[in-house]
Structure formats: C-alpha cells, structure tokens
file run_37.txt (compact mmCIF, C-alpha atoms)
# COMPACT_ATOMS: atom_id res chain seq x y z
CA MET A 1 15.60 -1.30 7.76
CA LYS A 2 17.28 0.43 4.83
CA ILE A 3 16.78 4.20 4.56
CA HIS A 4 16.84 6.00 1.22
CA ALA A 5 16.57 9.79 1.39
CA PHE A 6 15.91 11.91 -1.69
CA ALA A 7 16.54 15.62 -2.03
CA ASP A 8 12.87 16.62 -2.19
CA ASP A 9 9.36 15.31 -2.67
CA ALA A 10 9.57 15.53 -6.46
CA LYS A 11 12.67 13.33 -6.60
CA LEU A 12 11.07 10.91 -4.13
CA SER A 13 7.96 10.64 -6.30
CA ALA A 14 10.11 10.06 -9.38
CA ALA A 15 12.02 7.27 -7.64
CA VAL A 16 8.81 5.60 -6.48
CA ALA A 17 7.47 5.86 -10.03
CA GLU A 18 10.56 4.14 -11.39
CA ALA A 19 10.19 1.30 -8.86
CA VAL A 20 6.57 0.85 -9.93
CA ILE A 21 7.47 0.97 -13.64
CA GLU A 22 10.13 -1.72 -13.20
CA THR A 23 7.70 -3.90 -11.25
CA VAL A 24 4.74 -3.70 -13.61
CA ALA A 25 6.91 -4.46 -16.63
CA GLY A 26 7.87 -7.98 -15.54
CA PRO A 27 8.28 -10.35 -17.21
CA TYR A 28 6.69 -12.91 -14.88
CA LYS A 29 6.06 -16.63 -15.19
CA ASP A 30 3.46 -16.73 -12.42
CA PRO A 31 0.69 -14.39 -11.27
CA THR A 32 2.38 -11.38 -9.70
CA ALA A 33 0.97 -8.40 -7.85
CA ILE A 34 1.93 -4.91 -6.83
CA MET A 35 0.34 -3.39 -3.72
CA LEU A 36 -0.42 0.31 -3.96
CA ALA A 37 -1.02 2.85 -1.21
CA GLY A 38 -2.87 6.16 -1.17
CA GLY A 39 -1.37 9.51 -0.23
CA SER A 40 -0.03 12.55 -2.06
CA THR A 41 3.47 11.23 -2.81
CA PRO A 42 2.26 7.87 -4.21
CA LEU A 43 -0.42 9.65 -6.27
CA ALA A 44 2.24 11.88 -7.80
CA ALA A 45 4.26 8.77 -8.61
CA TYR A 46 1.26 7.05 -10.23
CA SER A 47 0.77 10.09 -12.43
CA ILE A 48 4.36 9.79 -13.62
CA VAL A 49 3.86 6.08 -14.31
CA ALA A 50 0.71 6.78 -16.31
CA GLN A 51 2.48 9.38 -18.43
CA ALA A 52 5.38 7.00 -19.09
CA ARG A 53 3.07 4.40 -20.67
CA ARG A 54 5.54 1.55 -20.20
CA ARG A 55 4.99 -2.16 -20.72
CA ILE A 56 2.55 -3.90 -18.37
CA ASP A 57 3.06 -7.63 -17.86
CA PRO A 58 -0.20 -9.50 -18.61
CA LYS A 59 0.24 -11.57 -15.46
CA LEU A 60 0.22 -8.46 -13.27
CA THR A 61 -2.44 -7.89 -10.60
CA VAL A 62 -2.89 -4.63 -8.72
CA PHE A 63 -4.37 -4.37 -5.24
CA PHE A 64 -4.47 -1.83 -2.44
CA SER A 65 -3.04 -1.77 1.05
CA ASP A 66 -6.29 -0.32 2.35
CA ASP A 67 -9.26 1.86 1.60
CA ARG A 68 -11.87 3.85 3.44
CA HIS A 69 -15.33 2.32 3.73
CA VAL A 70 -16.79 4.58 1.06
CA PRO A 71 -18.07 3.87 -2.47
CA PRO A 72 -15.52 4.12 -5.28
CA TRP A 73 -16.96 7.40 -6.55
CA ASP A 74 -16.34 9.09 -3.19
CA GLU A 75 -13.44 11.57 -3.21
CA LYS A 76 -11.97 9.80 -0.16
CA SER A 77 -11.68 6.44 -1.95
CA ASN A 78 -8.12 5.31 -2.63
CA PHE A 79 -9.40 3.16 -5.49
CA GLY A 80 -11.35 6.05 -6.95
CA ASN A 81 -8.33 8.34 -6.83
CA ILE A 82 -5.85 5.81 -8.20
CA VAL A 83 -7.83 3.92 -10.85
CA PRO A 84 -7.73 6.73 -13.46
CA HIS A 85 -3.93 6.46 -13.43
CA LEU A 86 -4.19 2.67 -13.82
CA HIS A 87 -6.50 3.04 -16.80
CA ARG A 88 -4.07 5.47 -18.44
CA CYS A 89 -1.35 2.82 -17.97
CA GLY A 90 -3.52 0.26 -19.73
CA ILE A 91 -4.37 -1.67 -16.56
CA LEU A 92 -8.02 -2.67 -16.85
CA ASP A 93 -10.40 -3.26 -13.94
CA ASN A 94 -10.31 -7.05 -14.34
CA TYR A 95 -6.64 -6.95 -13.29
CA VAL A 96 -7.42 -4.96 -10.15
CA LEU A 97 -8.47 -6.26 -6.73
CA ARG A 98 -10.31 -3.53 -4.89
CA VAL A 99 -12.23 -2.92 -1.70
CA HIS A 100 -15.94 -2.80 -2.48
CA GLY A 101 -16.69 0.07 -0.12
CA GLU A 102 -20.24 0.31 -1.42
CA LEU A 103 -21.01 -2.92 0.50
CA PRO A 104 -21.69 -3.10 4.24
CA LEU A 105 -18.42 -3.18 6.18
CA GLU A 106 -18.41 -6.89 7.07
CA ALA A 107 -19.34 -7.85 3.51
CA ALA A 108 -16.61 -5.57 2.13
CA VAL A 109 -14.01 -7.15 4.43
CA ASN A 110 -15.11 -10.69 3.51
CA ASP A 111 -15.12 -9.84 -0.19
CA TYR A 112 -11.59 -8.41 -0.08
CA GLU A 113 -10.42 -11.43 1.90
CA LYS A 114 -11.82 -13.74 -0.82
CA GLN A 115 -10.18 -11.75 -3.59
CA LEU A 116 -6.78 -11.87 -1.92
CA ASP A 117 -7.15 -15.54 -1.01
CA GLY A 118 -8.06 -16.37 -4.60
CA PHE A 119 -4.92 -14.63 -5.82
CA PHE A 120 -2.70 -16.56 -3.41
CA LYS A 121 -4.41 -19.85 -4.32
CA ARG A 122 -3.28 -19.22 -7.91
CA ASN A 123 0.28 -19.26 -6.55
CA GLY A 124 0.38 -15.49 -6.77
CA LYS A 125 3.30 -13.54 -5.37
CA ILE A 126 3.64 -9.86 -4.46
CA ALA A 127 6.75 -8.35 -5.99
CA LEU A 128 6.45 -4.85 -4.54
CA GLY A 129 4.31 -3.17 -1.90
CA LEU A 130 3.98 0.52 -1.06
CA LEU A 131 2.98 1.75 2.38
CA GLY A 132 2.70 5.11 4.07
CA LEU A 133 3.36 6.15 7.65
CA GLY A 134 0.96 8.38 9.54
CA THR A 135 1.98 10.97 12.10
CA ASP A 136 0.20 8.71 14.62
CA GLY A 137 2.35 5.73 13.62
CA HIS A 138 -0.20 3.84 11.54
CA THR A 139 0.37 2.18 8.19
CA ALA A 140 -2.23 0.96 5.70
CA SER A 141 -5.35 1.20 7.90
CA LEU A 142 -3.74 -0.52 10.87
CA PHE A 143 -3.94 2.11 13.58
CA ASN A 144 -3.17 0.19 16.74
CA ALA A 145 -2.21 -3.17 18.21
CA ASP A 146 -5.86 -4.24 18.39
CA ASP A 147 -6.31 -3.78 14.63
CA ILE A 148 -3.27 -5.97 14.10
CA LYS A 149 -4.45 -8.59 16.61
CA ARG A 150 -7.90 -8.81 15.01
CA GLY A 151 -6.22 -9.40 11.67
CA THR A 152 -4.43 -12.51 12.92
CA ASN A 153 -5.08 -15.47 10.60
CA ALA A 154 -6.86 -13.16 8.14
CA LEU A 155 -5.93 -11.29 4.98
CA ALA A 156 -8.27 -8.33 5.49
CA VAL A 157 -9.68 -6.58 8.54
CA GLY A 158 -12.24 -3.86 9.19
CA VAL A 159 -11.16 -0.94 11.35
CA GLN A 160 -12.48 2.20 12.97
CA ARG A 161 -10.44 5.13 11.72
CA PRO A 162 -9.59 8.14 13.92
CA ASP A 163 -11.27 10.44 11.39
CA GLY A 164 -14.65 8.88 12.14
CA LEU A 165 -14.78 6.73 9.03
CA GLN A 166 -14.43 2.97 8.94
CA GLY A 167 -11.84 1.28 6.78
CA ILE A 168 -10.66 -2.01 5.34
CA SER A 169 -6.98 -2.95 5.50
CA VAL A 170 -4.69 -5.77 4.55
CA THR A 171 -3.14 -7.49 7.54
CA PRO A 172 0.46 -8.29 8.50
CA SER A 173 -0.15 -11.74 6.98
CA VAL A 174 -0.38 -10.06 3.57
CA LEU A 175 2.53 -7.71 4.23
CA ALA A 176 4.69 -10.70 5.15
CA ARG A 177 4.20 -12.05 1.62
CA VAL A 178 5.45 -8.90 -0.08
CA GLU A 179 8.93 -9.46 -1.45
CA ARG A 180 9.93 -5.81 -1.18
CA LEU A 181 8.14 -3.30 1.05
CA LEU A 182 8.67 0.43 0.60
CA ILE A 183 7.40 2.78 3.32
CA VAL A 184 7.19 6.14 1.55
CA ILE A 185 6.96 9.41 3.50
CA SER A 186 7.66 13.08 2.93
CA GLY A 187 7.57 16.33 4.87
CA ALA A 188 8.99 17.48 8.19
CA GLY A 189 5.79 16.45 9.94
CA LYS A 190 6.69 12.78 9.43
CA LYS A 191 10.28 13.05 10.66
CA ALA A 192 9.59 12.29 14.34
CA MET A 193 7.49 9.22 13.55
CA ALA A 194 10.08 7.99 11.07
CA GLN A 195 12.62 8.19 13.88
CA THR A 196 10.31 6.18 16.12
CA LEU A 197 9.89 3.57 13.40
CA ILE A 198 13.66 3.16 13.27
CA ASN A 199 14.42 3.33 17.00
CA SER A 200 11.33 1.87 18.69
CA PRO A 201 9.25 0.05 16.05
CA GLU A 202 7.45 -2.08 18.62
CA THR A 203 5.77 1.05 20.04
CA ILE A 204 3.76 1.95 16.91
CA ALA A 205 1.34 0.07 14.67
CA ALA A 206 3.54 0.42 11.58
CA GLY A 207 6.46 -1.22 13.34
CA LEU A 208 4.28 -4.06 14.58
CA ALA A 209 2.77 -4.53 11.13
CA VAL A 210 6.12 -5.14 9.43
CA LYS A 211 7.84 -6.85 12.36
CA GLY A 212 10.19 -9.59 11.18
CA HIS A 213 9.93 -8.67 7.51
CA PRO A 214 13.35 -9.20 5.90
CA ASN A 215 13.12 -6.54 3.20
CA VAL A 216 11.59 -3.24 4.36
CA GLU A 217 12.91 0.07 3.06
CA LEU A 218 12.06 3.55 4.30
CA TRP A 219 12.01 6.06 1.44
CA THR A 220 11.87 9.73 2.45
CA ASP A 221 12.55 13.21 1.22
CA GLU A 222 15.25 15.15 3.03
CA ALA A 223 12.72 16.83 5.33
CA ALA A 224 11.41 13.53 6.68
CA LYS A 225 14.73 11.72 6.91
CA PRO A 226 15.21 10.28 10.42

call {"tool": "encode", "arguments": {"input": "run_37.txt", "output": "structure tokens"}}
result
Amino acid sequence: MKIHAFADDAKLSAAVAEAVIETVAGPYKDPTAIMLAGGSTPLAAYSIVAQARRRIDPKLTVFFSDDRHVPPWDEKSNFGNIVPHLHRCGILDNYVLRVHGELPLEAAVNDYEKQLDGFFKRNGKIALGLLGLGTDGHTASLFNADDIKRGTNALAVGVQRPDGLQGISVTPSVLARVERLLIVISGAGKKAMAQTLINSPETIAAGLAVKGHPNVELWTDEAAKP
C-alpha cells in the first residue's frame, strides 16, 4: 500500500480535490464512475472542486461508498451533505446513484444493488474511489468481518452501525472494481489505526475490505501518518 503524507489537513484536502477534478474531467469513451465518501476531509475537498468549476465528462456517474439509513434531507445523510457540492459542479441528479434512505432498509439495499448492477451492465468502470478509515478500523459502512461476509456475491449490504443507526454500504465486490482506491484520513486520532492497516490489515474490517486490491493508497496529513 502506497502512503502519501501531506503537511496538514488543508493540503490533504487540496490534493484530494485535485484527484477528483482530474477524474471527473475525463475524457472517457465508456461509462465511468467516481465513488465518493463522507467525512470532514472529503467534504472540504468537494467544496474546493465545486469552486473550481472544471469540466465534467458527460459519461461520468457519481455514487457513494455508503450512507446512513436516513432520508436525504437528514443532516446525517452523506448524499444530503455532498449533493449541493455536486450541483455547484454541474453534476445533476440523473448522473448520481444514491442510497434511497427514505425506503425501508431492505428495499434501500435492493435498490442500491440494482443501481450499481445497472451501471456495471452498461460496461461501466470506476476510475477513482475514496474511502475513510474509522478509529475502530471500519471503512465505508463495513464495520466487521460479518458485514463483509454478508456482502459476499452482492454489491450492497445493510448493516447495523455502532452509533445505533442502520446503514447501507458497498461491498468488497464493488471496491475490487475500483481502478484506484484512496483511503483518506487526518488527525492524530487516526494514526494508530492507520498503523494497524499497514501492519496487520487482516485484523480490521478496512483491511479485509480491500484485501488483494492492487492499487490502494493511504493519504494522510502529517498527524495521521503511520
């Protein structure tokens, strides 16, 4: 796993923004997606992207690594927090695959599965994917080995989150299709888990989720650098 450390959170956000800008610009011959994650550092990066107002390839699709099982107008919704930045970039809702958290959990999981499957059936590829890393070792909304196991042979899975909410997450089957995966973390509180991801990836959900992936990069600020 490649490690890229930036001087501080602001420089990390700027670098993530540049990676997103390059990805959304294309050009692409086939349907191409970018997978976005929630979190403070990615949100700061999306704000930079929105302000840049760069070219968006018309073949681009945007989807999310995960979301809480809440309606899109809820303040905890990744989609709800991110979509204003997408709109400012000129990315309209019909180019976005989202978790319909206003549906019952099983229906929301099945709906997201169908959306992702439809994209892949159009020969879609995922050029770039962003992920986070929790202090408990989770990534996306894959919190433990059972979440990963239940996602076998699926593209989406419903989970019980430690915060009491339920969630919907992509599975390792989706992550395996991402050409370039960036795990983005910042702050001293993430340093120990970043070290675990490097040294003992099989002991945490994040490591299991990206196991065998040939192109995973860990992007950190100096405080979180393992």

call {"tool": "residues_around", "arguments": {"input": "run_37.txt", "residues": "Arg54 in chain A", "least_positions_apart": "4", "cutoff": "10 Å", "atoms": "all atoms listed in the file", "output": "PDB file with C-alpha atoms, in the coordinates of the input"}}
result
ATOM      1  CA  ILE A  21       7.470   0.970 -13.640  1.00  0.00           C
ATOM      2  CA  GLU A  22      10.130  -1.720 -13.200  1.00  0.00           C
ATOM      3  CA  VAL A  24       4.740  -3.700 -13.610  1.00  0.00           C
ATOM      4  CA  ALA A  25       6.910  -4.460 -16.630  1.00  0.00           C
ATOM      5  CA  VAL A  49       3.860   6.080 -14.310  1.00  0.00           C
ATOM      6  CA  ALA A  50       0.710   6.780 -16.310  1.00  0.00           C
ATOM      7  CA  CYS A  89      -1.350   2.820 -17.970  1.00  0.00           C
ATOM      8  CA  GLY A  90      -3.520   0.260 -19.730  1.00  0.00           C
TER       9      GLY A  90
END

call {"tool": "atom_distance", "arguments": {"input": "run_37.txt", "atom1": "CA of Gly187 in chain A", "atom2": "CA of Ala44 in chain A"}}
result
14.4 Å

call {"tool": "closest_residue", "arguments": {"input": "run_37.txt", "among": "A:Ile3, A:Ile34, A:Ile148, A:Ala19", "to": "Glu179 in chain A", "atoms": "only C-alpha atoms"}}
result
A:Ile34

call {"tool": "residues_around", "arguments": {"input": "run_37.txt", "residues": "Ile168 in chain A", "least_positions_apart": "2", "cutoff": "8 Å", "atoms": "only C-alpha atoms", "output": "PDB file with C-alpha atoms, in the frame of the given file"}}
result
ATOM      1  CA  ASP A  66      -6.290  -0.320   2.350  1.00  0.00           C
ATOM      2  CA  ASP A  67      -9.260   1.860   1.600  1.00  0.00           C
ATOM      3  CA  ARG A  68     -11.870   3.850   3.440  1.00  0.00           C
ATOM      4  CA  HIS A  69     -15.330   2.320   3.730  1.00  0.00           C
ATOM      5  CA  VAL A  99     -12.230  -2.920  -1.700  1.00  0.00           C
ATOM      6  CA  LEU A 105     -18.420  -3.180   6.180  1.00  0.00           C
ATOM      7  CA  ALA A 108     -16.610  -5.570   2.130  1.00  0.00           C
ATOM      8  CA  VAL A 109     -14.010  -7.150   4.430  1.00  0.00           C
ATOM      9  CA  SER A 141      -5.350   1.200   7.900  1.00  0.00           C
ATOM     10  CA  ALA A 156      -8.270  -8.330   5.490  1.00  0.00           C
ATOM     11  CA  VAL A 157      -9.680  -6.580   8.540  1.00  0.00           C
ATOM     12  CA  GLY A 158     -12.240  -3.860   9.190  1.00  0.00           C
ATOM     13  CA  VAL A 159     -11.160  -0.940  11.350  1.00  0.00           C
ATOM     14  CA  GLN A 166     -14.430   2.970   8.940  1.00  0.00           C
ATOM     15  CA  VAL A 170      -4.690  -5.770   4.550  1.00  0.00           C
TER      16      VAL A 170
END

call {"tool": "atom_distance", "arguments": {"input": "run_37.txt", "atom1": "CA of Gly212 in chain A", "atom2": "CA of Lys2 in chain A"}}
result
13.8 Å

call {"tool": "residues_near_point", "arguments": {"input": "run_37.txt", "point": "(10.4, 13.2, -3.7)", "cutoff": "12 Å", "atoms": "all atoms listed in the file", "output": "NGL selection string"}}
result
:A and (4-18 or 40-45 or 184-187 or 219-225)

call {"tool": "residues_around", "arguments": {"input": "run_37.txt", "residues": "Lys29 in chain A", "least_positions_apart": "2", "cutoff": "8 Å", "atoms": "only C-alpha atoms", "output": "PyMOL selection string"}}
result
chain A and resi 27+31+59

call {"tool": "write_last_selection", "arguments": {"input": "run_37.txt", "atoms": "C-alpha atoms", "output": "compact mmCIF listing (two decimals), in the frame of the given file"}}
result
# COMPACT_ATOMS: atom_id res chain seq x y z
CA PRO A 27 8.28 -10.35 -17.21
CA PRO A 31 0.69 -14.39 -11.27
CA LYS A 59 0.24 -11.57 -15.46

call {"tool": "atom_distance", "arguments": {"input": "run_37.txt", "atom1": "CA of His213 in chain A", "atom2": "CA of Pro172 in chain A"}}
result
9.5 Å

call {"tool": "residues_around", "arguments": {"input": "run_37.txt", "residues": "Thr203 in chain A", "least_positions_apart": "2", "cutoff": "12 Å", "atoms": "all atoms listed in the file", "output": "list of chain:residue names"}}
result
A:Asp136, A:Gly137, A:His138, A:Phe143, A:Asn144, A:Ala145, A:Met193, A:Gln195, A:Thr196, A:Leu197, A:Ile198, A:Asn199, A:Ser200, A:Pro201, A:Ala205, A:Ala206, A:Gly207, A:Leu208, A:Ala209, A:Lys211

call {"tool": "write_last_selection", "arguments": {"input": "run_37.txt", "atoms": "C-alpha atoms", "output": "short mmCIF file (atom, residue, chain, number, x, y, z; two decimals), in the frame of the given file"}}
result
data_model
loop_
_atom_site.label_atom_id
_atom_site.label_comp_id
_atom_site.auth_asym_id
_atom_site.auth_seq_id
_atom_site.Cartn_x
_atom_site.Cartn_y
_atom_site.Cartn_z
CA ASP A 136 0.20 8.71 14.62
CA GLY A 137 2.35 5.73 13.62
CA HIS A 138 -0.20 3.84 11.54
CA PHE A 143 -3.94 2.11 13.58
CA ASN A 144 -3.17 0.19 16.74
CA ALA A 145 -2.21 -3.17 18.21
CA MET A 193 7.49 9.22 13.55
CA GLN A 195 12.62 8.19 13.88
CA THR A 196 10.31 6.18 16.12
CA LEU A 197 9.89 3.57 13.40
CA ILE A 198 13.66 3.16 13.27
CA ASN A 199 14.42 3.33 17.00
CA SER A 200 11.33 1.87 18.69
CA PRO A 201 9.25 0.05 16.05
CA ALA A 205 1.34 0.07 14.67
CA ALA A 206 3.54 0.42 11.58
CA GLY A 207 6.46 -1.22 13.34
CA LEU A 208 4.28 -4.06 14.58
CA ALA A 209 2.77 -4.53 11.13
CA LYS A 211 7.84 -6.85 12.36
#

call {"tool": "residues_around", "arguments": {"input": "run_37.txt", "residues": "Ile126 in chain A", "least_positions_apart": "2", "cutoff": "6 Å", "atoms": "only C-alpha atoms", "output": "ChimeraX atom specification"}}
result
/A:32-34,128,178

call {"tool": "closest_residue", "arguments": {"input": "run_37.txt", "among": "A:Gly39, A:Pro71, A:Gly189, A:Gly129", "to": "Val174 in chain A", "atoms": "all atoms listed in the file"}}
result
A:Gly129

call {"tool": "closest_residue", "arguments": {"input": "run_37.txt", "among": "A:Glu202, A:Asp146, A:Leu130, A:Leu155", "to": "Asp111 in chain A", "atoms": "all atoms listed in the file"}}
result
A:Leu155

call {"tool": "closest_residue", "arguments": {"input": "run_37.txt", "among": "A:Ala52, A:Val70, A:Pro104, A:Gly26", "to": "Leu86 in chain A", "atoms": "only C-alpha atoms"}}
result
A:Ala52

call {"tool": "closest_residue", "arguments": {"input": "run_37.txt", "among": "A:Thr139, A:Gly118, A:Val210, A:Tyr46", "to": "Arg180 in chain A", "atoms": "all atoms listed in the file"}}
result
A:Val210

call {"tool": "axis_aligned_box", "arguments": {"input": "run_37.txt", "around": "range 34-51 of chain A", "padding_each_side": "4 Å", "output": "lines of an AutoDock Vina configuration file"}}
result
center_x = 0.7
center_y = 3.8
center_z = -9.3
size_x = 15.2
size_y = 25.5
size_z = 26.2

call {"tool": "closest_residue", "arguments": {"input": "run_37.txt", "among": "A:Tyr28, A:Asn153, A:Ser169, A:Lys76", "to": "Phe64 in chain A", "atoms": "only C-alpha atoms"}}
result
A:Ser169
